[in-house]
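Q: Structure file final.cif, mmCIF, C-alpha atoms, is pasted below:
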```
data_target
loop_
_atom_site.label_atom_id
_atom_site.label_comp_id
_atom_site.auth_asym_id
_atom_site.auth_seq_id
_atom_site.Cartn_x
_atom_site.Cartn_y
_atom_site.Cartn_z
CA MET A 1 26.40 5.55 8.97
CA SER A 2 25.82 6.53 12.59
CA GLU A 3 26.71 4.71 15.79
CA LEU A 4 23.00 4.24 16.52
CA LEU A 5 22.21 2.65 13.18
CA ASP A 6 25.26 0.40 13.51
CA ALA A 7 23.89 -0.69 16.90
CA VAL A 8 20.48 -1.41 15.37
CA ARG A 9 22.04 -3.56 12.66
CA ALA A 10 24.00 -5.44 15.34
CA GLY A 11 20.79 -6.25 17.26
CA ALA A 12 21.73 -4.17 20.31
CA SER A 13 19.61 -4.25 23.45
CA ALA A 14 17.12 -1.60 24.51
CA ASP A 15 19.58 -0.24 27.08
CA VAL A 16 22.32 0.14 24.49
CA LEU A 17 20.02 1.76 21.92
CA SER A 18 18.60 4.16 24.50
CA ALA A 19 22.10 5.21 25.59
CA THR A 20 23.39 5.69 22.04
CA PRO A 21 22.91 9.25 20.77
CA LEU A 22 20.69 10.02 17.84
CA PRO A 23 22.57 10.98 14.68
CA ALA A 24 22.61 14.66 13.78
CA THR A 25 21.24 13.83 10.33
CA VAL A 26 19.94 10.76 8.50
CA ARG A 27 19.27 9.89 4.88
CA GLY A 28 15.84 10.23 3.33
CA VAL A 29 14.27 10.16 -0.13
CA VAL A 30 12.69 13.54 -0.78
CA VAL A 31 10.92 15.73 -3.25
CA ARG A 32 11.78 19.44 -3.08
CA ARG A 33 9.43 22.39 -3.04
CA GLU A 34 11.53 24.17 -5.64
CA ASP A 35 10.79 21.37 -8.12
CA MET A 36 6.99 21.50 -7.89
CA ASP A 37 6.58 22.82 -11.44
CA MET A 38 9.32 20.78 -13.09
CA PHE A 39 6.86 18.60 -15.02
CA ALA A 40 4.32 21.30 -15.88
CA GLY A 41 2.50 20.56 -19.14
CA MET A 42 3.97 17.09 -19.55
CA PRO A 43 1.82 13.96 -19.98
CA SER A 44 1.83 11.78 -16.88
CA ARG A 45 3.71 8.95 -18.54
CA GLU A 46 6.60 11.26 -19.41
CA LYS A 47 7.05 12.53 -15.85
CA ASP A 48 10.16 10.82 -14.49
CA PRO A 49 10.46 10.11 -10.73
CA ARG A 50 14.21 9.62 -11.19
CA ARG A 51 14.46 13.37 -11.78
CA SER A 52 12.32 14.51 -8.86
CA LEU A 53 13.28 12.06 -6.08
CA HIS A 54 16.55 12.80 -4.28
CA LEU A 55 18.43 11.03 -1.51
CA GLN A 56 19.64 13.66 0.95
CA GLU A 57 20.50 14.14 4.61
CA PHE A 58 17.92 15.79 6.85
CA GLU A 59 17.69 16.67 10.53
CA LEU A 60 15.37 14.60 12.67
CA PRO A 61 12.45 16.64 14.04
CA GLU A 62 11.68 16.94 17.72
CA MET A 63 9.53 14.01 18.86
CA ALA A 64 6.06 14.66 20.32
CA PRO A 65 5.00 12.79 23.49
CA ASP A 66 2.78 10.34 21.56
CA GLU A 67 5.38 9.58 18.88
CA VAL A 68 8.29 7.22 18.33
CA LEU A 69 11.40 7.21 16.17
CA VAL A 70 11.95 4.00 14.21
CA ALA A 71 15.14 2.93 12.49
CA VAL A 72 13.79 1.80 9.13
CA MET A 73 15.25 -1.54 8.13
CA ALA A 74 13.19 -1.68 4.93
CA SER A 75 10.42 0.22 3.18
CA SER A 76 8.50 -0.07 -0.08
CA ILE A 77 7.13 1.83 -3.05
CA ASN A 78 3.42 2.60 -3.32
CA PHE A 79 1.38 4.42 -5.94
CA ASN A 80 1.26 7.42 -3.62
CA THR A 81 5.06 7.56 -3.94
CA VAL A 82 4.56 7.83 -7.68
CA TRP A 83 1.95 10.57 -7.28
CA THR A 84 4.20 12.54 -4.93
CA SER A 85 7.17 12.21 -7.27
CA ILE A 86 5.32 13.53 -10.32
CA PHE A 87 3.41 16.20 -8.31
CA GLU A 88 0.11 14.78 -9.55
CA PRO A 89 -2.79 15.30 -9.22
CA VAL A 90 -1.51 17.98 -6.80
CA SER A 91 1.76 18.73 -5.07
CA THR A 92 2.00 17.17 -1.63
CA PHE A 93 3.48 20.40 -0.24
CA GLY A 94 -0.09 21.70 0.01
CA PHE A 95 -0.84 18.83 2.42
CA LEU A 96 2.25 19.61 4.50
CA ASP A 97 1.45 23.31 4.69
CA ARG A 98 -2.10 22.62 5.90
CA LEU A 99 -0.76 20.26 8.56
CA GLY A 100 1.77 22.92 9.50
CA ARG A 101 -0.99 25.37 10.39
CA GLU A 102 -2.75 23.00 12.82
CA SER A 103 -0.40 23.04 15.80
CA ILE A 104 3.18 23.52 16.94
CA TRP A 105 3.73 19.81 16.29
CA GLY A 106 2.16 20.06 12.88
CA ALA A 107 4.49 22.93 12.01
CA ARG A 108 7.42 20.50 11.94
CA HIS A 109 6.04 18.97 8.74
CA ALA A 110 5.95 22.13 6.62
CA ARG A 111 9.45 22.02 5.15
CA ASP A 112 10.96 22.75 1.78
CA TYR A 113 11.51 19.03 1.35
CA HIS A 114 9.14 16.09 1.80
CA VAL A 115 10.54 12.77 3.04
CA VAL A 116 8.24 10.25 1.35
CA GLY A 117 7.20 6.64 1.90
CA SER A 118 4.11 5.05 3.47
CA ASP A 119 5.42 1.60 4.46
CA ALA A 120 8.20 0.48 6.79
CA SER A 121 9.52 -2.26 9.02
CA GLY A 122 12.13 -1.48 11.62
CA VAL A 123 13.30 -1.12 15.20
CA ILE A 124 12.08 1.47 17.70
CA VAL A 125 14.98 3.67 18.86
CA ARG A 126 13.11 6.32 20.87
CA VAL A 127 9.67 6.55 22.49
CA GLY A 128 7.78 9.66 23.59
CA SER A 129 6.81 10.22 27.20
CA ALA A 130 3.13 9.42 26.54
CA VAL A 131 3.76 6.17 24.64
CA ARG A 132 2.33 3.04 26.22
CA GLY A 133 2.74 -0.58 25.10
CA TRP A 134 5.86 -0.03 23.01
CA LYS A 135 9.51 0.25 24.00
CA VAL A 136 12.92 0.80 22.49
CA ALA A 137 14.23 -2.25 20.55
CA ASP A 138 10.75 -3.52 19.65
CA GLU A 139 10.57 -4.78 16.06
CA VAL A 140 7.59 -3.26 14.26
CA THR A 141 5.81 -2.61 11.05
CA ILE A 142 4.07 0.72 10.47
CA HIS A 143 0.64 1.41 9.02
CA CYS A 144 0.01 4.77 7.38
CA ASN A 145 -3.16 6.09 9.05
CA HIS A 146 -2.05 9.37 10.69
CA VAL A 147 -4.86 10.72 12.86
CA ASP A 148 -5.30 13.02 15.85
CA ASP A 149 -7.06 11.00 18.54
CA GLN A 150 -8.00 14.22 20.40
CA ASP A 151 -10.51 15.05 17.67
CA PRO A 152 -13.93 13.45 18.37
CA SER A 153 -14.42 12.76 14.67
CA SER A 154 -11.52 10.28 14.82
CA HIS A 155 -13.36 7.90 17.13
CA ASP A 156 -15.62 5.02 16.10
CA ASP A 157 -13.88 4.86 12.70
CA SER A 158 -10.73 6.98 12.43
CA MET A 159 -10.89 6.89 8.63
CA LEU A 160 -13.84 9.28 8.98
CA ALA A 161 -11.77 11.76 11.00
CA ASN A 162 -11.76 15.36 9.84
CA ASN A 163 -7.96 15.39 9.94
CA GLN A 164 -7.17 11.85 8.78
CA ARG A 165 -4.00 11.75 6.71
CA ILE A 166 -1.72 9.21 5.05
CA TRP A 167 1.70 9.18 6.68
CA GLY A 168 4.53 9.82 4.23
CA PHE A 169 2.11 11.21 1.64
CA GLU A 170 0.14 13.86 3.50
CA THR A 171 2.72 14.10 6.32
CA ASN A 172 6.47 14.51 6.32
CA PHE A 173 9.24 12.16 7.57
CA GLY A 174 7.96 9.04 5.82
CA GLY A 175 9.35 5.54 5.54
CA LEU A 176 11.90 5.90 2.73
CA ALA A 177 14.60 6.97 5.18
CA ASP A 178 17.05 5.64 7.75
CA VAL A 179 14.83 6.89 10.59
CA THR A 180 11.14 7.77 10.48
CA LEU A 181 8.82 9.64 12.85
CA VAL A 182 5.39 8.06 13.53
CA LYS A 183 2.60 8.14 16.07
CA ALA A 184 2.53 5.21 18.49
CA ASN A 185 -0.90 4.26 17.17
CA GLN A 186 0.67 3.45 13.81
CA LEU A 187 2.77 0.61 15.22
CA MET A 188 2.13 -3.11 14.77
CA PRO A 189 4.27 -6.15 15.60
CA LYS A 190 6.60 -7.28 12.84
CA PRO A 191 5.74 -10.80 11.62
CA ALA A 192 8.71 -12.70 13.01
CA HIS A 193 8.89 -15.25 10.18
CA LEU A 194 9.36 -12.54 7.54
CA SER A 195 12.55 -10.77 6.56
CA TRP A 196 12.72 -7.00 6.91
CA GLU A 197 11.90 -6.43 3.25
CA GLU A 198 9.08 -9.00 3.26
CA ALA A 199 7.57 -7.33 6.33
CA ALA A 200 7.88 -3.83 4.87
CA VAL A 201 5.70 -4.24 1.79
CA ASN A 202 2.38 -5.16 3.38
CA ALA A 203 0.84 -2.61 5.70
CA LEU A 204 -0.63 -0.14 3.22
CA CYS A 205 -1.92 -2.62 0.62
CA ASN A 206 -2.91 -5.46 2.95
CA SER A 207 -4.82 -3.12 5.27
CA THR A 208 -6.56 -1.47 2.31
CA SER A 209 -7.71 -4.81 0.90
CA TYR A 210 -8.75 -6.03 4.36
CA ARG A 211 -11.06 -3.05 4.92
CA MET A 212 -12.54 -3.45 1.44
CA LEU A 213 -13.29 -7.17 1.62
CA VAL A 214 -13.23 -8.32 5.26
CA SER A 215 -14.23 -5.39 7.48
CA ARG A 216 -17.85 -4.40 8.02
CA ASN A 217 -16.79 -0.94 6.80
CA GLY A 218 -16.28 -2.32 3.29
CA ALA A 219 -18.06 -5.05 1.32
CA PRO A 220 -17.29 -8.08 3.49
CA VAL A 221 -17.06 -11.36 1.62
CA THR A 222 -19.17 -14.28 2.83
CA GLN A 223 -18.84 -17.93 1.91
CA GLY A 224 -19.55 -18.57 -1.74
CA ASP A 225 -19.42 -14.93 -2.84
CA LYS A 226 -17.99 -14.45 -6.30
CA VAL A 227 -15.52 -11.52 -6.34
CA LEU A 228 -14.09 -9.94 -9.49
CA ILE A 229 -10.64 -8.50 -8.73
CA TRP A 230 -9.00 -6.10 -11.16
CA GLY A 231 -5.19 -6.06 -11.14
CA ALA A 232 -5.24 -9.26 -9.14
CA SER A 233 -1.48 -9.83 -9.27
CA GLY A 234 -0.66 -6.31 -8.09
CA GLY A 235 -0.15 -5.03 -4.57
CA ILE A 236 -3.70 -4.62 -3.28
CA GLY A 237 -5.08 -7.12 -5.79
CA SER A 238 -2.93 -10.02 -4.60
CA PHE A 239 -3.96 -9.36 -1.01
CA ALA A 240 -7.59 -9.20 -2.16
CA VAL A 241 -7.28 -12.65 -3.73
CA GLN A 242 -5.93 -14.08 -0.48
CA HIS A 243 -8.58 -12.44 1.71
CA VAL A 244 -11.39 -13.68 -0.55
CA LEU A 245 -10.03 -17.23 -0.36
CA ASN A 246 -9.64 -16.98 3.43
CA SER A 247 -13.27 -15.82 3.70
CA GLY A 248 -14.60 -18.76 1.69
CA GLY A 249 -15.30 -16.69 -1.40
CA VAL A 250 -14.43 -17.34 -5.03
CA PRO A 251 -11.99 -14.84 -6.56
CA ILE A 252 -12.00 -14.13 -10.29
CA GLY A 253 -8.66 -12.48 -10.95
CA VAL A 254 -8.08 -10.15 -13.89
CA VAL A 255 -4.45 -9.92 -15.05
CA SER A 256 -2.58 -8.96 -18.22
CA SER A 257 -0.29 -11.90 -19.03
CA PRO A 258 0.06 -15.70 -18.69
CA GLU A 259 2.93 -15.15 -16.23
CA LYS A 260 0.68 -13.13 -13.94
CA ALA A 261 -2.05 -15.74 -14.28
CA ALA A 262 0.46 -18.36 -13.09
CA ILE A 263 1.15 -16.29 -9.97
CA LEU A 264 -2.55 -16.21 -9.12
CA ARG A 265 -3.02 -19.91 -9.62
CA GLU A 266 -0.13 -20.60 -7.28
CA LEU A 267 -1.82 -18.36 -4.71
CA GLY A 268 -4.92 -20.55 -5.04
CA CYS A 269 -7.02 -18.46 -7.45
CA GLU A 270 -8.63 -20.97 -9.80
CA HIS A 271 -10.49 -18.53 -12.06
CA VAL A 272 -8.31 -16.08 -13.99
CA ILE A 273 -9.03 -13.78 -16.92
CA ASP A 274 -6.09 -12.60 -19.03
CA ARG A 275 -7.40 -9.27 -20.30
CA ALA A 276 -4.57 -8.94 -22.81
CA ASP A 277 -5.47 -12.27 -24.35
CA LYS A 278 -9.16 -11.35 -24.38
CA GLY A 279 -8.39 -7.97 -25.91
CA TYR A 280 -11.15 -6.05 -24.15
CA ARG A 281 -11.70 -2.52 -25.45
CA PHE A 282 -14.03 -0.90 -22.95
CA TRP A 283 -13.52 2.53 -24.57
CA LYS A 284 -14.14 3.07 -28.29
CA ASP A 285 -12.38 6.40 -28.01
CA GLU A 286 -11.55 8.94 -25.30
CA HIS A 287 -15.20 9.83 -24.79
CA THR A 288 -17.22 6.71 -25.65
CA GLN A 289 -17.47 3.38 -23.88
CA ASP A 290 -18.50 0.12 -25.57
CA GLU A 291 -21.31 -1.74 -23.79
CA SER A 292 -20.79 -4.76 -26.04
CA GLU A 293 -17.37 -5.18 -24.46
CA TRP A 294 -18.91 -4.99 -20.98
CA ARG A 295 -21.30 -7.74 -22.04
CA ARG A 296 -18.41 -9.85 -23.37
CA LEU A 297 -16.64 -9.55 -20.01
CA GLY A 298 -19.85 -10.56 -18.25
CA ARG A 299 -20.17 -13.66 -20.43
CA ASP A 300 -16.56 -14.60 -19.71
CA ILE A 301 -17.13 -14.28 -15.96
CA ARG A 302 -20.27 -16.42 -16.10
CA SER A 303 -18.46 -19.05 -18.15
CA LEU A 304 -15.96 -19.38 -15.30
CA VAL A 305 -18.17 -19.25 -12.19
CA GLY A 306 -21.72 -19.60 -13.50
CA GLU A 307 -23.06 -16.22 -12.36
CA ASP A 308 -22.33 -12.50 -12.11
CA PRO A 309 -19.97 -11.37 -9.32
CA ASP A 310 -21.46 -10.42 -5.96
CA ILE A 311 -18.60 -7.96 -5.41
CA VAL A 312 -16.26 -6.12 -7.77
CA PHE A 313 -12.91 -5.06 -6.27
CA GLU A 314 -12.32 -1.85 -8.19
CA HIS A 315 -9.22 0.34 -8.20
CA PRO A 316 -8.19 1.17 -11.82
CA GLY A 317 -10.93 3.81 -11.97
CA ARG A 318 -11.72 5.41 -15.32
CA SER A 319 -10.60 2.54 -17.54
CA THR A 320 -12.77 -0.10 -15.84
CA MET A 321 -15.53 1.48 -13.73
CA GLY A 322 -18.13 1.35 -16.47
CA ALA A 323 -17.50 -2.36 -16.92
CA SER A 324 -17.43 -2.93 -13.16
CA VAL A 325 -20.86 -1.36 -12.62
CA PHE A 326 -22.29 -3.35 -15.52
CA VAL A 327 -21.00 -6.83 -14.60
CA ALA A 328 -21.81 -6.70 -10.87
CA LYS A 329 -24.73 -8.90 -9.86
CA ARG A 330 -28.18 -7.41 -9.30
CA GLY A 331 -27.94 -6.02 -5.75
CA GLY A 332 -24.16 -6.40 -5.86
CA THR A 333 -21.45 -4.05 -4.65
CA ILE A 334 -18.59 -2.30 -6.41
CA VAL A 335 -16.05 -1.39 -3.71
CA THR A 336 -13.43 1.10 -4.84
CA CYS A 337 -10.30 2.51 -3.22
CA ALA A 338 -8.36 4.24 -6.00
CA ALA A 339 -8.26 5.37 -9.60
CA THR A 340 -4.84 4.60 -11.01
CA SER A 341 -6.06 5.06 -14.61
CA GLY A 342 -7.92 8.30 -13.88
CA TYR A 343 -10.35 9.53 -11.25
CA MET A 344 -12.97 11.19 -13.49
CA ILE A 345 -15.04 8.07 -14.02
CA GLU A 346 -18.10 7.33 -16.16
CA TYR A 347 -20.66 4.55 -15.97
CA ASP A 348 -24.22 3.91 -17.14
CA ASN A 349 -26.31 4.79 -14.10
CA ARG A 350 -29.27 2.73 -15.34
CA HIS A 351 -27.34 -0.43 -14.52
CA LEU A 352 -26.73 0.87 -11.01
CA TRP A 353 -30.13 2.15 -9.92
CA MET A 354 -32.40 -0.23 -11.83
CA LYS A 355 -30.52 -3.29 -10.56
CA LEU A 356 -30.08 -1.94 -7.03
CA LYS A 357 -26.29 -2.04 -7.08
CA THR A 358 -24.05 -0.10 -4.70
CA ILE A 359 -20.77 1.72 -5.18
CA LYS A 360 -18.86 1.73 -1.89
CA GLY A 361 -15.90 4.03 -1.36
CA SER A 362 -13.03 2.78 0.80
CA HIS A 363 -9.78 4.40 1.90
CA PHE A 364 -6.95 2.60 3.70
CA SER A 365 -8.09 1.30 7.14
CA ASN A 366 -8.42 2.22 10.77
CA TYR A 367 -6.04 0.90 13.45
CA ARG A 368 -8.23 -2.06 14.37
CA GLU A 369 -8.49 -3.15 10.73
CA ALA A 370 -4.77 -2.64 10.07
CA TRP A 371 -3.93 -4.67 13.19
CA ALA A 372 -6.26 -7.48 12.11
CA ALA A 373 -4.79 -7.45 8.61
CA ASN A 374 -1.30 -7.63 10.10
CA GLN A 375 -2.40 -10.64 12.17
CA THR A 376 -3.23 -12.52 8.97
CA LEU A 377 0.43 -12.13 8.05
CA ILE A 378 1.64 -13.16 11.51
CA ASP A 379 -0.55 -16.27 11.30
CA GLY A 380 0.79 -17.13 7.83
CA LYS A 381 -2.68 -16.93 6.27
CA VAL A 382 -1.51 -14.21 3.89
CA VAL A 383 1.89 -13.90 2.22
CA PRO A 384 3.65 -10.74 1.03
CA PRO A 385 3.69 -10.14 -2.75
CA LEU A 386 7.35 -9.06 -2.85
CA SER A 387 8.53 -9.00 -6.45
CA ALA A 388 11.79 -7.01 -6.33
CA VAL A 389 14.15 -5.31 -3.89
CA PHE A 390 16.12 -2.10 -4.44
CA ALA A 391 18.55 -0.14 -2.29
CA LEU A 392 17.49 3.22 -0.80
CA GLU A 393 19.80 4.93 -3.28
CA GLN A 394 17.70 3.38 -6.08
CA ALA A 395 14.32 4.59 -4.83
CA GLY A 396 13.89 6.86 -7.86
CA GLU A 397 14.46 3.96 -10.23
CA ALA A 398 12.09 1.74 -8.22
CA THR A 399 9.38 4.43 -8.35
CA TYR A 400 9.93 4.77 -12.11
CA GLU A 401 9.41 1.00 -12.41
CA MET A 402 6.09 1.23 -10.57
CA HIS A 403 5.02 4.29 -12.55
CA HIS A 404 5.41 2.25 -15.74
CA ASN A 405 3.89 -0.94 -14.28
CA ARG A 406 7.05 -2.96 -14.79
CA HIS A 407 6.58 -4.94 -11.58
CA GLU A 408 3.64 -6.80 -10.15
CA GLY A 409 3.15 -7.17 -6.42
CA LYS A 410 5.29 -4.84 -4.33
CA ILE A 411 8.81 -3.41 -4.62
CA GLY A 412 10.81 -3.48 -1.40
CA ILE A 413 13.50 -0.96 -0.47
CA LEU A 414 16.42 -1.76 1.84
CA CYS A 415 17.17 1.17 4.16
CA VAL A 416 19.24 0.38 7.28
CA ALA A 417 19.27 -3.37 6.53
CA GLU A 418 22.43 -4.18 4.60
CA ALA A 419 21.19 -7.26 2.75
CA GLU A 420 18.07 -9.22 1.90
CA GLY A 421 16.90 -12.09 4.08
CA LEU A 422 17.71 -10.54 7.47
CA GLY A 423 15.35 -10.19 10.44
CA ILE A 424 13.80 -13.68 10.41
CA THR A 425 13.42 -15.06 13.95
CA ASP A 426 10.44 -17.44 13.73
CA HIS A 427 11.77 -20.23 11.54
CA GLU A 428 9.03 -22.68 12.55
CA THR A 429 6.25 -20.52 11.10
CA ARG A 430 8.34 -19.81 8.03
CA ALA A 431 8.80 -23.52 7.41
CA ARG A 432 5.04 -24.08 7.86
CA VAL A 433 4.15 -21.34 5.36
CA GLY A 434 6.87 -22.55 2.99
CA GLU A 435 9.58 -20.81 1.01
CA ALA A 436 7.80 -21.61 -2.25
CA ARG A 437 4.69 -19.70 -1.22
CA LEU A 438 6.65 -16.82 0.28
CA SER A 439 8.67 -16.39 -2.91
CA VAL A 440 5.96 -16.87 -5.53
CA PHE A 441 6.28 -13.34 -6.97
CA ARG A 442 10.08 -13.47 -7.12
CA ARG A 443 10.12 -16.93 -8.71
CA HIS A 444 7.65 -16.08 -11.44
CA GLY A 445 9.67 -13.07 -12.57
CA ALA A 446 6.89 -10.57 -11.94
CA GLY A 447 9.14 -7.71 -13.03
CA SER A 448 9.83 -6.58 -16.56
#
```
Reformat the file's structure so that it appears as structure tokens.
A:
Amino acid sequence: MSELLDAVRAGASADVLSATPLPATVRGVVVRREDMDMFAGMPSREKDPRRSLHLQEFELPEMAPDEVLVAVMASSINFNTVWTSIFEPVSTFGFLDRLGRESIWGARHARDYHVVGSDASGVIVRVGSAVRGWKVADEVTIHCNHVDDQDPSSHDDSMLANNQRIWGFETNFGGLADVTLVKANQLMPKPAHLSWEEAAVNALCNSTSYRMLVSRNGAPVTQGDKVLIWGASGGIGSFAVQHVLNSGGVPIGVVSSPEKAAILRELGCEHVIDRADKGYRFWKDEHTQDESEWRRLGRDIRSLVGEDPDIVFEHPGRSTMGASVFVAKRGGTIVTCAATSGYMIEYDNRHLWMKLKTIKGSHFSNYREAWAANQTLIDGKVVPPLSAVFALEQAGEATYEMHHNRHEGKIGILCVAEAEGLGITDHETRARVGEARLSVFRRHGAGS
């Protein structure tokens, strides 16, 4: 470990951190360009992130004027980490090469290795000359919207920018490292009542759910709205449940076991459907869906809340989209942000156009939305769904666990932090929120 990282762990002042030299190299979890074809022809489930993800030393890039270097105390695993690690649906080196052609600063990202990770909490150790509002030693969390604010398309809503990217997925030098490089407009205050690992697992999923269900750019929930949430005990799903409750809506959570149902009920979700117990079979075979199963799901929803859902929070994609379009209320909205079961979806368009339903696409969030979502954590209105914690050396194993859905909620990764439970400075808010609520995913054994 370097002198600088030792100083960060010791809680050194801004003056000390600024005067301590940067290390020549730091550790990072990478995929390598030479391995891009290692899983060619293999089914997705057989592709093993433990083979493709490597912990190696890398040199820190030169910092642009609008950037900062952050010592990463903790990070987390997201589905985009899985996709990067199995080079599916495409290799992320194509993203890096396109970024590399944009500018001299973009060229830094086009390497033969890709440092991955799209979440982090940590301590600022360097700031660029154009950075305002942030200083060395500030404790931060990082959201993953990487955008060029000199492009006019990035204004109004930066998620519509021509060059919008996801940091650590479509850019290099991500959060699964000792030190990460980010733009200053990715920074947010760390919730002081959370540990480093609790603070590190939220930004991507919480911001995504916030845009989908709270922001005017998504399908904002109003009081009394019934909201069907697929994968409601997962990363984005558990945040969706909390945002629906905070908005005065009624979540209907879909999970796959009694243990996961117990998690939701402790979060305050009264209406839960255990799809494993119900045994839904939305697809008769690879090519044919079963409308009778859609109707059975609709009856089950109405038996719980008395009516069809106003909003369907959709992210599994191929396996559920047909059912989602069918069960949504007349004039309702299906808001979708992902397709973890496959992105070539099918649904019966008659149920969309004849009943005036809307499918709304949503992708991460802009800075304003991410900041507002982070504030819900700071205020204790939302709690992190941390289910397990691994060391940086175990990032491949943690990604394998996510790839095979062996954990609900989020998996945290300790980077510079040497142990769990560090970084808590606001004990009053923590006591108000309560250890029981903060630890609900850990206590219910959400892992395998």
Q: Using Å and a single decimal, report how far atom CA of A:Val72 sits from atom CA of A:Gln150.
A: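 These two atoms are separated by 27.5 Å.
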Q: May I ask which of the residues A:Ala184, A:Ala417, A:Ala391, A:Leu17 is the closest one to A:Ala137, counting only C-alpha atoms?
A: A:Leu17
Q: Find, counting all atoms listed in the file, the residue in A:Arg132, A:His315, A:His351, A:His114 that gets nearest to A:Phe58.
A: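 Selected residue with least distance to A:Phe58: A:His114.
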Q: Quick one: distance from atom CA of A:Phe239 to atom CA of A:Ala261 in Å, one decimal?
A: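 One can read the atom CA of A:Phe239 to atom CA of A:Ala261 distance as 14.8 Å.
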Q: Taking (1.8, -4.5, -13.6) in the file's coordinates, which residues come within 8 Å, counting only C-alpha atoms, written as number ranges by chain?
A: A: 231, 233-234, 256, 402, 404-409
Q: Pick out the closest residue to A:Glu102 from this set: A:Thr376, A:Ser439, A:Asn163, A:Ser153. Count all atoms listed in the file.
A: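 Ranking A:Thr376, A:Ser439, A:Asn163, A:Ser153 by distance to A:Glu102, first place goes to A:Asn163.
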Q: Go through stretch 169-231 of chain A residue by residue and, counting all atoms listed in the file, keep those with an atom at most 12 Å from stretch 282-306 of chain A; for each kept residue give the shortest atom pair and its distance in Å to one decimal, ordered by chain and increasing number, as a tab-separated table.
A:
```
residue	atom	partner	partner_atom	distance
A:Gly224	CA	A:Val305	CA	10.6
A:Asp225	CA	A:Val305	CA	10.4
A:Lys226	CA	A:Val305	CA	7.6
A:Val227	CA	A:Val305	CA	10.0
A:Leu228	CA	A:Ile301	CA	8.4
A:Ile229	CA	A:Ile301	CA	11.3
```
Q: On this structure, which residues satisfy the PyMOL selection byres ((chain A and resi 25) around 10), written as a VMD selection string?
A: chain A and resid 1 to 2 22 to 24 26 to 28 56 to 61 178 to 179
Q: Could you write those residues out with C-alpha atoms, as a short mmCIF file (atom, residue, chain, number, x, y, z; two decimals), in the frame of the given file?
A:
```
data_model
loop_
_atom_site.label_atom_id
_atom_site.label_comp_id
_atom_site.auth_asym_id
_atom_site.auth_seq_id
_atom_site.Cartn_x
_atom_site.Cartn_y
_atom_site.Cartn_z
CA MET A 1 26.40 5.55 8.97
CA SER A 2 25.82 6.53 12.59
CA LEU A 22 20.69 10.02 17.84
CA PRO A 23 22.57 10.98 14.68
CA ALA A 24 22.61 14.66 13.78
CA VAL A 26 19.94 10.76 8.50
CA ARG A 27 19.27 9.89 4.88
CA GLY A 28 15.84 10.23 3.33
CA GLN A 56 19.64 13.66 0.95
CA GLU A 57 20.50 14.14 4.61
CA PHE A 58 17.92 15.79 6.85
CA GLU A 59 17.69 16.67 10.53
CA LEU A 60 15.37 14.60 12.67
CA PRO A 61 12.45 16.64 14.04
CA ASP A 178 17.05 5.64 7.75
CA VAL A 179 14.83 6.89 10.59
#
```
Q: Measure the distance from atom CA of A:Arg265 to atom CA of A:Ile252 in Å and round it to one decimal.
A: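 That distance, rounded to one decimal, is 10.7 Å.
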Q: Can you tell me, as a PyMOL selection string, what residues are no more than 10 Å from A:Gln375 when counting all atoms listed in the file, ignoring any on the same chain fewer than 6 positions away?
A: chain A and resi 188-191+369+381-382
Q: For this structure, which residues satisfy the selection - the PyMOL selection byres ((chain A and resi 241) around 10) - when it is evaluated on the file as given? I want them as an mmCIF file with C-alpha atoms, in the coordinates of the input.
A:
```
data_model
loop_
_atom_site.group_PDB
_atom_site.id
_atom_site.type_symbol
_atom_site.label_atom_id
_atom_site.label_comp_id
_atom_site.auth_asym_id
_atom_site.auth_seq_id
_atom_site.Cartn_x
_atom_site.Cartn_y
_atom_site.Cartn_z
ATOM 1 C CA SER A 209 -7.710 -4.810 0.900
ATOM 2 C CA LEU A 213 -13.290 -7.170 1.620
ATOM 3 C CA VAL A 227 -15.520 -11.520 -6.340
ATOM 4 C CA LEU A 228 -14.090 -9.940 -9.490
ATOM 5 C CA ILE A 229 -10.640 -8.500 -8.730
ATOM 6 C CA ALA A 232 -5.240 -9.260 -9.140
ATOM 7 C CA SER A 233 -1.480 -9.830 -9.270
ATOM 8 C CA ILE A 236 -3.700 -4.620 -3.280
ATOM 9 C CA GLY A 237 -5.080 -7.120 -5.790
ATOM 10 C CA SER A 238 -2.930 -10.020 -4.600
ATOM 11 C CA PHE A 239 -3.960 -9.360 -1.010
ATOM 12 C CA ALA A 240 -7.590 -9.200 -2.160
ATOM 13 C CA GLN A 242 -5.930 -14.080 -0.480
ATOM 14 C CA HIS A 243 -8.580 -12.440 1.710
ATOM 15 C CA VAL A 244 -11.390 -13.680 -0.550
ATOM 16 C CA LEU A 245 -10.030 -17.230 -0.360
ATOM 17 C CA ASN A 246 -9.640 -16.980 3.430
ATOM 18 C CA GLY A 249 -15.300 -16.690 -1.400
ATOM 19 C CA VAL A 250 -14.430 -17.340 -5.030
ATOM 20 C CA PRO A 251 -11.990 -14.840 -6.560
ATOM 21 C CA ILE A 252 -12.000 -14.130 -10.290
ATOM 22 C CA GLY A 253 -8.660 -12.480 -10.950
ATOM 23 C CA LEU A 264 -2.550 -16.210 -9.120
ATOM 24 C CA LEU A 267 -1.820 -18.360 -4.710
ATOM 25 C CA GLY A 268 -4.920 -20.550 -5.040
ATOM 26 C CA CYS A 269 -7.020 -18.460 -7.450
ATOM 27 C CA PHE A 313 -12.910 -5.060 -6.270
ATOM 28 C CA VAL A 382 -1.510 -14.210 3.890
#
```
Q: Write out as JSON, numbers by chain each polymer residue whose atoms come within 12 Å of A:Leu204, counting all atoms listed in the file; drop sequence neighbours fewer than 4 positions from it.
A: {"A": [75, 76, 77, 78, 79, 80, 81, 117, 118, 119, 120, 121, 141, 142, 143, 144, 145, 166, 167, 168, 169, 175, 186, 199, 200, 208, 209, 210, 211, 235, 236, 239, 337, 363, 364, 365, 366, 367, 369, 370, 371, 373, 374, 384, 410]}
